[in-house]
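Q: Here it is: the structure, laid out below.
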Amino acid sequence: MDNGLVYIDAATRTQDVLSLKWALRGAGYGIASTWHDSPGPVLKAESHWNEFRVAELDRCDELFVIFESRGESAANLAAMAAVALARGMQVTWIGPKLPSLGHFPGLRHFATLPDFGQQIRLPLAA
(Lines give C-alpha, C1' and ligand atoms only; values in the text may rest on other atoms or scores of the structure.)
Protein backbone atom coordinates (compact mmCIF):
# COMPACT_ATOMS: atom_id res chain seq x y z
CA MET A 1 0.00 0.00 0.00
CA ASP A 2 1.48 3.37 -1.04
CA ASN A 3 -0.17 6.48 0.37
CA GLY A 4 2.41 8.92 -0.92
CA LEU A 5 5.61 10.56 0.23
CA VAL A 6 5.58 12.82 3.29
CA TYR A 7 7.95 15.10 5.17
CA ILE A 8 7.84 15.33 8.97
CA ASP A 9 9.06 18.51 10.63
CA ALA A 10 9.42 19.62 14.24
CA ALA A 11 11.81 21.67 16.34
CA THR A 12 13.64 18.58 17.52
CA ARG A 13 13.43 14.81 17.49
CA THR A 14 10.92 13.80 20.15
CA GLN A 15 9.00 10.64 20.89
CA ASP A 16 6.00 12.22 19.10
CA VAL A 17 8.10 12.67 15.95
CA LEU A 18 9.25 9.06 16.06
CA SER A 19 5.73 7.79 16.84
CA LEU A 20 4.30 9.73 13.90
CA LYS A 21 7.06 8.47 11.60
CA TRP A 22 6.43 4.83 12.45
CA ALA A 23 2.63 5.16 12.36
CA LEU A 24 2.73 6.81 8.92
CA ARG A 25 5.22 4.26 7.64
CA GLY A 26 3.01 1.45 8.97
CA ALA A 27 0.03 3.00 7.16
CA GLY A 28 1.89 2.88 3.85
CA TYR A 29 3.41 6.35 3.63
CA GLY A 30 6.97 6.91 2.48
CA ILE A 31 9.01 9.25 4.68
CA ALA A 32 11.29 11.64 2.75
CA SER A 33 12.55 13.66 5.73
CA THR A 34 15.82 12.39 7.19
CA TRP A 35 16.74 14.97 9.85
CA HIS A 36 15.03 12.91 12.57
CA ASP A 37 17.26 9.92 11.81
CA SER A 38 20.50 11.79 12.60
CA PRO A 39 22.38 10.75 15.74
CA GLY A 40 22.73 13.17 18.61
CA PRO A 41 20.29 14.99 20.84
CA VAL A 42 19.34 18.22 19.04
CA LEU A 43 20.06 19.56 15.58
CA LYS A 44 21.20 23.11 14.97
CA ALA A 45 18.85 25.27 12.90
CA GLU A 46 21.34 25.57 10.02
CA SER A 47 21.54 21.79 9.67
CA HIS A 48 17.79 21.29 10.14
CA TRP A 49 16.30 24.00 7.93
CA ASN A 50 18.40 24.44 4.83
CA GLU A 51 18.38 23.85 1.05
CA PHE A 52 18.86 20.10 1.46
CA ARG A 53 15.76 19.84 3.68
CA VAL A 54 13.69 21.98 1.30
CA ALA A 55 14.79 19.65 -1.53
CA GLU A 56 13.53 16.70 0.55
CA LEU A 57 10.24 18.54 1.07
CA ASP A 58 9.91 19.30 -2.65
CA ARG A 59 9.57 15.58 -3.43
CA CYS A 60 6.63 15.17 -1.07
CA ASP A 61 2.86 15.15 -1.28
CA GLU A 62 2.32 16.29 2.30
CA LEU A 63 4.06 18.00 5.21
CA PHE A 64 3.40 17.01 8.81
CA VAL A 65 4.47 19.53 11.46
CA ILE A 66 4.60 18.76 15.16
CA PHE A 67 4.65 22.15 16.86
CA GLU A 68 5.17 22.14 20.61
CA SER A 69 6.00 25.71 21.56
CA ARG A 70 6.47 29.20 20.22
CA GLY A 71 10.25 29.16 20.71
CA GLU A 72 12.84 30.20 18.20
CA SER A 73 11.94 27.31 15.88
CA ALA A 74 8.40 28.63 15.27
CA ALA A 75 9.52 30.86 12.37
CA ASN A 76 11.38 27.97 10.72
CA LEU A 77 8.42 25.61 11.04
CA ALA A 78 6.06 28.27 9.71
CA ALA A 79 8.42 28.91 6.78
CA MET A 80 8.48 25.21 5.86
CA ALA A 81 4.68 25.14 6.08
CA ALA A 82 4.46 28.22 3.85
CA VAL A 83 6.79 26.63 1.27
CA ALA A 84 4.64 23.50 1.23
CA LEU A 85 1.38 25.45 0.98
CA ALA A 86 2.78 27.62 -1.82
CA ARG A 87 3.64 24.46 -3.74
CA GLY A 88 0.12 23.08 -3.34
CA MET A 89 0.91 20.45 -0.71
CA GLN A 90 -1.37 19.40 2.09
CA VAL A 91 -0.01 20.53 5.48
CA THR A 92 -1.02 18.80 8.69
CA TRP A 93 -0.19 21.00 11.70
CA ILE A 94 -0.22 19.22 15.05
CA GLY A 95 -0.04 21.48 18.11
CA PRO A 96 -0.98 25.07 18.96
CA LYS A 97 -2.20 27.12 16.01
CA LEU A 98 -0.12 29.92 14.52
CA PRO A 99 -2.40 32.80 13.50
CA SER A 100 -0.33 33.46 10.37
CA LEU A 101 -1.18 30.00 9.00
CA GLY A 102 -4.78 29.73 10.14
CA HIS A 103 -6.66 30.53 6.95
CA PHE A 104 -5.03 28.43 4.25
CA PRO A 105 -7.31 25.81 2.69
CA GLY A 106 -4.45 23.29 2.39
CA LEU A 107 -3.81 23.29 6.13
CA ARG A 108 -5.53 21.00 8.57
CA HIS A 109 -5.01 21.39 12.30
CA PHE A 110 -5.05 18.96 15.22
CA ALA A 111 -4.40 20.04 18.80
CA THR A 112 -2.43 16.93 19.74
CA LEU A 113 -0.88 13.86 18.16
CA PRO A 114 -3.50 11.56 19.75
CA ASP A 115 -6.26 13.82 18.30
CA PHE A 116 -4.70 13.37 14.86
CA GLY A 117 -4.39 9.61 15.36
CA GLN A 118 -8.04 9.28 16.35
CA GLN A 119 -9.29 11.36 13.45
CA ILE A 120 -7.14 9.61 10.85
CA ARG A 121 -7.34 6.21 12.53
CA LEU A 122 -3.61 5.75 12.99
CA PRO A 123 -2.32 3.77 15.96
CA LEU A 124 -0.71 6.54 18.02
CA ALA A 125 -0.25 6.45 21.78
CA ALA A 126 -2.42 8.79 23.84
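For the C-alpha coordinates, the naming scheme is as follows: chains receive sequential letters (A, B, ...) according to their order of presentation, residues are indexed from 1 within each chain, and ligands are indexed from 1 in presentation order.
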Based on DSSP run over this structure's backbone, return all residues of chain A in strand (DSSP E or B), as a PyMOL selection string.
A: chain A and resi 5-10+30-31+62-66+90-94+107-110
Q: Could you please take those selected residues and save N, CA and C atoms as a PDB file, in the first residue's frame?
A:
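As written to disk, out-v1.pdb reads:
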ATOM      1  N   LEU A   5       4.362  10.209  -0.423  1.00  0.00           N
ATOM      2  CA  LEU A   5       5.609  10.559   0.228  1.00  0.00           C
ATOM      3  C   LEU A   5       5.382  11.786   1.098  1.00  0.00           C
ATOM      4  N   VAL A   6       5.816  11.724   2.349  1.00  0.00           N
ATOM      5  CA  VAL A   6       5.577  12.818   3.290  1.00  0.00           C
ATOM      6  C   VAL A   6       6.885  13.280   3.926  1.00  0.00           C
ATOM      7  N   TYR A   7       6.839  14.505   4.429  1.00  0.00           N
ATOM      8  CA  TYR A   7       7.946  15.103   5.172  1.00  0.00           C
ATOM      9  C   TYR A   7       7.424  15.397   6.574  1.00  0.00           C
ATOM     10  N   ILE A   8       8.195  15.045   7.578  1.00  0.00           N
ATOM     11  CA  ILE A   8       7.838  15.330   8.967  1.00  0.00           C
ATOM     12  C   ILE A   8       8.782  16.402   9.478  1.00  0.00           C
ATOM     13  N   ASP A   9       8.222  17.451  10.081  1.00  0.00           N
ATOM     14  CA  ASP A   9       9.063  18.514  10.627  1.00  0.00           C
ATOM     15  C   ASP A   9       8.643  18.826  12.057  1.00  0.00           C
ATOM     16  N   ALA A  10       9.616  19.220  12.849  1.00  0.00           N
ATOM     17  CA  ALA A  10       9.416  19.617  14.243  1.00  0.00           C
ATOM     18  C   ALA A  10      10.681  20.345  14.679  1.00  0.00           C
ATOM     19  N   GLY A  30       5.523   6.801   2.542  1.00  0.00           N
ATOM     20  CA  GLY A  30       6.969   6.911   2.480  1.00  0.00           C
ATOM     21  C   GLY A  30       7.387   8.164   3.226  1.00  0.00           C
ATOM     22  N   ILE A  31       8.518   8.118   3.904  1.00  0.00           N
ATOM     23  CA  ILE A  31       9.007   9.255   4.681  1.00  0.00           C
ATOM     24  C   ILE A  31      10.245   9.814   3.980  1.00  0.00           C
ATOM     25  N   GLU A  62       2.889  15.721   1.084  1.00  0.00           N
ATOM     26  CA  GLU A  62       2.318  16.295   2.303  1.00  0.00           C
ATOM     27  C   GLU A  62       3.407  16.582   3.318  1.00  0.00           C
ATOM     28  N   LEU A  63       3.183  17.632   4.097  1.00  0.00           N
ATOM     29  CA  LEU A  63       4.061  18.003   5.207  1.00  0.00           C
ATOM     30  C   LEU A  63       3.302  17.810   6.504  1.00  0.00           C
ATOM     31  N   PHE A  64       3.922  17.141   7.455  1.00  0.00           N
ATOM     32  CA  PHE A  64       3.396  17.007   8.812  1.00  0.00           C
ATOM     33  C   PHE A  64       4.294  17.811   9.735  1.00  0.00           C
ATOM     34  N   VAL A  65       3.713  18.726  10.503  1.00  0.00           N
ATOM     35  CA  VAL A  65       4.469  19.534  11.456  1.00  0.00           C
ATOM     36  C   VAL A  65       3.974  19.218  12.860  1.00  0.00           C
ATOM     37  N   ILE A  66       4.915  18.892  13.739  1.00  0.00           N
ATOM     38  CA  ILE A  66       4.602  18.764  15.161  1.00  0.00           C
ATOM     39  C   ILE A  66       5.176  20.007  15.822  1.00  0.00           C
ATOM     40  N   GLN A  90      -0.571  19.452   0.870  1.00  0.00           N
ATOM     41  CA  GLN A  90      -1.368  19.402   2.093  1.00  0.00           C
ATOM     42  C   GLN A  90      -0.411  19.580   3.262  1.00  0.00           C
ATOM     43  N   VAL A  91      -0.794  20.369   4.259  1.00  0.00           N
ATOM     44  CA  VAL A  91      -0.007  20.532   5.477  1.00  0.00           C
ATOM     45  C   VAL A  91      -0.874  20.125   6.649  1.00  0.00           C
ATOM     46  N   THR A  92      -0.356  19.209   7.458  1.00  0.00           N
ATOM     47  CA  THR A  92      -1.015  18.801   8.692  1.00  0.00           C
ATOM     48  C   THR A  92      -0.221  19.377   9.838  1.00  0.00           C
ATOM     49  N   TRP A  93      -0.835  20.294  10.584  1.00  0.00           N
ATOM     50  CA  TRP A  93      -0.191  20.999  11.696  1.00  0.00           C
ATOM     51  C   TRP A  93      -0.729  20.398  12.989  1.00  0.00           C
ATOM     52  N   ILE A  94       0.168  19.858  13.797  1.00  0.00           N
ATOM     53  CA  ILE A  94      -0.217  19.220  15.052  1.00  0.00           C
ATOM     54  C   ILE A  94       0.378  20.026  16.193  1.00  0.00           C
ATOM     55  N   LEU A 107      -4.311  23.588   4.797  1.00  0.00           N
ATOM     56  CA  LEU A 107      -3.809  23.291   6.130  1.00  0.00           C
ATOM     57  C   LEU A 107      -4.911  22.686   6.986  1.00  0.00           C
ATOM     58  N   ARG A 108      -4.599  21.563   7.592  1.00  0.00           N
ATOM     59  CA  ARG A 108      -5.532  20.998   8.568  1.00  0.00           C
ATOM     60  C   ARG A 108      -4.823  20.966   9.908  1.00  0.00           C
ATOM     61  N   HIS A 109      -5.583  21.216  10.962  1.00  0.00           N
ATOM     62  CA  HIS A 109      -5.013  21.390  12.296  1.00  0.00           C
ATOM     63  C   HIS A 109      -5.566  20.355  13.264  1.00  0.00           C
ATOM     64  N   PHE A 110      -4.684  19.849  14.115  1.00  0.00           N
ATOM     65  CA  PHE A 110      -5.050  18.958  15.218  1.00  0.00           C
ATOM     66  C   PHE A 110      -4.318  19.461  16.458  1.00  0.00           C
TER      67      PHE A 110
END
Q: Name the residues of chain A that come out as alpha helix (DSSP H) in a backbone DSSP run; write them as a ChimeraX atom specification.
A: /A:15-26,45-48,51-58,74-86,113-120
Q: List the spatial neighbours of Thr14 in chain A as a list in words - criterion: any atom at most 12 Å away, only C-alpha atoms, same-chain residues fewer than 3 positions off excluded.
A: Ile8, Asp9, Ala10, Ala11, Val17, Leu18, Ser19, Leu20, Lys21, Trp35, His36, Asp37, Gly40, Pro41, Val42, Leu43, Ile66, Phe67, Glu68 and Leu113 of chain A
Q: Identify which of the residues A:Pro105, A:Gly26, A:Pro99, A:Gly71 lies closest to Ala86 in chain A, counting only C-alpha atoms when measuring atom-to-atom distances.
A: A:Pro105
Q: Using only C-alpha atoms, which of A:Gly4, A:Val83, A:Ser33, A:Ala74 sits nearest Pro96 in chain A?
A: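 Among the listed residues, A:Ala74 lies closest to Pro96 in chain A.
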Q: Name the residues in contact with Ala82 in chain A at a cut-off of 10 Å, using only C-alpha atoms, excluding same-chain residues fewer than 3 positions from it; report them as a list of chain:residue names.
A: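 Here the answer would be A:Asn76, A:Leu77, A:Ala78, A:Ala79, A:Leu85, A:Ala86, A:Arg87, A:Gly88, A:Met89, A:Val91, A:Ser100, A:Leu101, A:Phe104, A:Leu107.
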